[in-house]
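What follows is a set of notes on a single structure, which appears directly below.
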Amino acid sequence: GFSAWRRRQNSARVRCFTVAATLGARGGDTRDRLLGDGLVPLASALGQHADPARALAFRPTRQKVFHGMGHLALLGRPEVYQQLRRWLG
């Protein structure tokens with residue numbers, strides 16, 4: 001299950017990153033809170049969960065939120081690509 005996956009992830013020392021989008025122009029505005037990216041709530045995209053056993057502990061430096069963007073836009077936006085290159089380059 002999920003807990004076993006987390007243990008394997010931690011023991012393998014896998015570097016994990018997450019990108020997330022929000023339709024809001026800035027963090028905490030109405031669109032950000034209510035709509036997320038139009039498909040996935042922002043907290044979910046960042047691996048956050050009320051149950052700590054189900055939360056993914058992404059380091060803050062390995063998370064990036066893109067504002068004013070929908071879920072599918074993450075696939076083709078140059079600023080997303082540049083962030084991935086910074087992390088993985």
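Residue numbering restarts at 1 for every chain of the structure tokens, chains are lettered A, B, ... in their displayed order, and ligands are numbered from 1 as they appear.
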
Open item on the list: Using only C-alpha atoms, which protein or nucleic acid residues come within 7 Å of A:Ala20? Drop anything in the same chain fewer than 2 positions from it, and give the result as a list of chain:residue names.
Closed with: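 The contact residues come out as A:Thr18, A:Thr22, A:Leu42, A:Ala45, A:Leu46, A:Lys64, A:Val65, A:Phe66.
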
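Using only C-alpha atoms, the protein and nucleic acid residues lying no more than 9 Å from A:Ala25, apart from those fewer than 6 places from it along its own chain, are Arg31, Asp32, His67, Gly68 and Met69 of chain A.
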
Please save N, CA, C and O atoms of the selected residues as a PDB file, in the first residue's frame.
```pdb
ATOM      1  N   ARG A  31      -9.907  32.170  -6.243  1.00  0.00           N
ATOM      2  CA  ARG A  31      -9.720  31.095  -7.230  1.00  0.00           C
ATOM      3  C   ARG A  31      -8.737  30.044  -6.730  1.00  0.00           C
ATOM      4  O   ARG A  31      -8.916  28.858  -6.954  1.00  0.00           O
ATOM      5  N   ASP A  32      -7.686  30.496  -6.087  1.00  0.00           N
ATOM      6  CA  ASP A  32      -6.682  29.586  -5.540  1.00  0.00           C
ATOM      7  C   ASP A  32      -7.323  28.651  -4.515  1.00  0.00           C
ATOM      8  O   ASP A  32      -7.153  27.434  -4.576  1.00  0.00           O
ATOM      9  N   HIS A  67       1.031  30.293 -10.735  1.00  0.00           N
ATOM     10  CA  HIS A  67      -0.241  30.995 -10.564  1.00  0.00           C
ATOM     11  C   HIS A  67      -0.818  31.417 -11.911  1.00  0.00           C
ATOM     12  O   HIS A  67      -0.085  31.626 -12.877  1.00  0.00           O
ATOM     13  N   GLY A  68      -2.156  31.505 -11.946  1.00  0.00           N
ATOM     14  CA  GLY A  68      -2.847  31.917 -13.163  1.00  0.00           C
ATOM     15  C   GLY A  68      -2.749  30.886 -14.266  1.00  0.00           C
ATOM     16  O   GLY A  68      -2.745  31.208 -15.445  1.00  0.00           O
ATOM     17  N   MET A  69      -2.710  29.615 -13.876  1.00  0.00           N
ATOM     18  CA  MET A  69      -2.498  28.530 -14.835  1.00  0.00           C
ATOM     19  C   MET A  69      -3.397  27.356 -14.470  1.00  0.00           C
ATOM     20  O   MET A  69      -3.578  27.047 -13.307  1.00  0.00           O
TER      21      MET A  69
END
```

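Taking atom CA of A:Gly27 as the reference point, atom CA of A:Arg15 is found at 25.5 Å.
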
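Nearest residue to A:Leu84 among A:Gly28, A:Pro41, A:Val19, A:Val14 is A:Val19, counting only C-alpha atoms.
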
Task: DSSP helix (DSSP H, G or I) residues within chain A, as a PyMOL selection string - done: chain A and resi 2-12+30-35+42-45+52-54+60-62+72-75+78-88

TODO: Quote the spacing between atom CA of A:Gly36 and atom CA of A:Leu88 in Å to one decimal place.
DONE: 25.7 Å

Open item on the list: as a list in words, please: every residue in chain A that a backbone DSSP assignment puts in strand (DSSP E).
Closed with: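 The strand (DSSP E) residues within chain A come out as Thr18, Val19, Ala20, Ala21, Thr22, Gln63, Lys64, Val65, Phe66 and His67 of chain A.
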
Open item on the list: Using only C-alpha atoms, can you tell me which of A:Val80, A:His71, A:Gly47, A:Gly24 comes closest to A:Arg59?
Closed with: A:Gly47

Open item on the list: With only C-alpha atoms as the counted atoms, please give the residues lying no more than 9 Å from A:Leu56, apart from itself and same-chain residues fewer than 2 positions off, as number ranges by chain.
Closed with: A: 6, 46-49, 52-54, 58

Could you write out that same residue set with N, CA and C atoms as a PDB file, in the first residue's frame?
```pdb
ATOM      1  N   ARG A   6       5.945   4.750   0.471  1.00  0.00           N
ATOM      2  CA  ARG A   6       6.696   5.841   1.108  1.00  0.00           C
ATOM      3  C   ARG A   6       7.993   5.331   1.715  1.00  0.00           C
ATOM      4  N   LEU A  46       0.446  19.315  -4.069  1.00  0.00           N
ATOM      5  CA  LEU A  46       1.680  19.468  -3.301  1.00  0.00           C
ATOM      6  C   LEU A  46       1.918  18.313  -2.327  1.00  0.00           C
ATOM      7  N   GLY A  47       1.058  17.316  -2.369  1.00  0.00           N
ATOM      8  CA  GLY A  47       1.239  16.145  -1.521  1.00  0.00           C
ATOM      9  C   GLY A  47       0.808  16.343  -0.092  1.00  0.00           C
ATOM     10  N   GLN A  48       0.034  17.382   0.169  1.00  0.00           N
ATOM     11  CA  GLN A  48      -0.412  17.653   1.533  1.00  0.00           C
ATOM     12  C   GLN A  48      -1.676  16.868   1.837  1.00  0.00           C
ATOM     13  N   HIS A  49      -1.774  16.375   3.055  1.00  0.00           N
ATOM     14  CA  HIS A  49      -2.934  15.603   3.480  1.00  0.00           C
ATOM     15  C   HIS A  49      -3.146  15.802   4.978  1.00  0.00           C
ATOM     16  N   PRO A  52      -1.102  12.746   8.415  1.00  0.00           N
ATOM     17  CA  PRO A  52       0.341  12.769   8.145  1.00  0.00           C
ATOM     18  C   PRO A  52       0.875  11.487   7.505  1.00  0.00           C
ATOM     19  N   ALA A  53       0.259  10.370   7.783  1.00  0.00           N
ATOM     20  CA  ALA A  53       0.705   9.112   7.187  1.00  0.00           C
ATOM     21  C   ALA A  53       0.478   9.077   5.678  1.00  0.00           C
ATOM     22  N   ARG A  54      -0.404   9.943   5.179  1.00  0.00           N
ATOM     23  CA  ARG A  54      -0.707   9.976   3.746  1.00  0.00           C
ATOM     24  C   ARG A  54      -0.100  11.182   3.041  1.00  0.00           C
ATOM     25  N   PHE A  58       7.416  16.660   0.438  1.00  0.00           N
ATOM     26  CA  PHE A  58       8.278  17.332  -0.531  1.00  0.00           C
ATOM     27  C   PHE A  58       8.989  18.486   0.164  1.00  0.00           C
TER      28      PHE A  58
END
```

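Pairwise distance (atom CA of A:Arg62, atom CA of A:Phe17) equals 4.8 Å.
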
- [ ] Identify which of the residues A:Cys16, A:Gln63, A:Gly70, A:Ala50 lies closest to A:Leu35, counting only C-alpha atoms when measuring atom-to-atom distances.
- [x]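 For A:Leu35, the nearest of the given residues is A:Gly70.
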
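Considering only C-alpha atoms, the residue among A:Ala55, A:Gly38, A:Glu79, A:Ala73 positioned nearest to A:Leu23 is A:Gly38.
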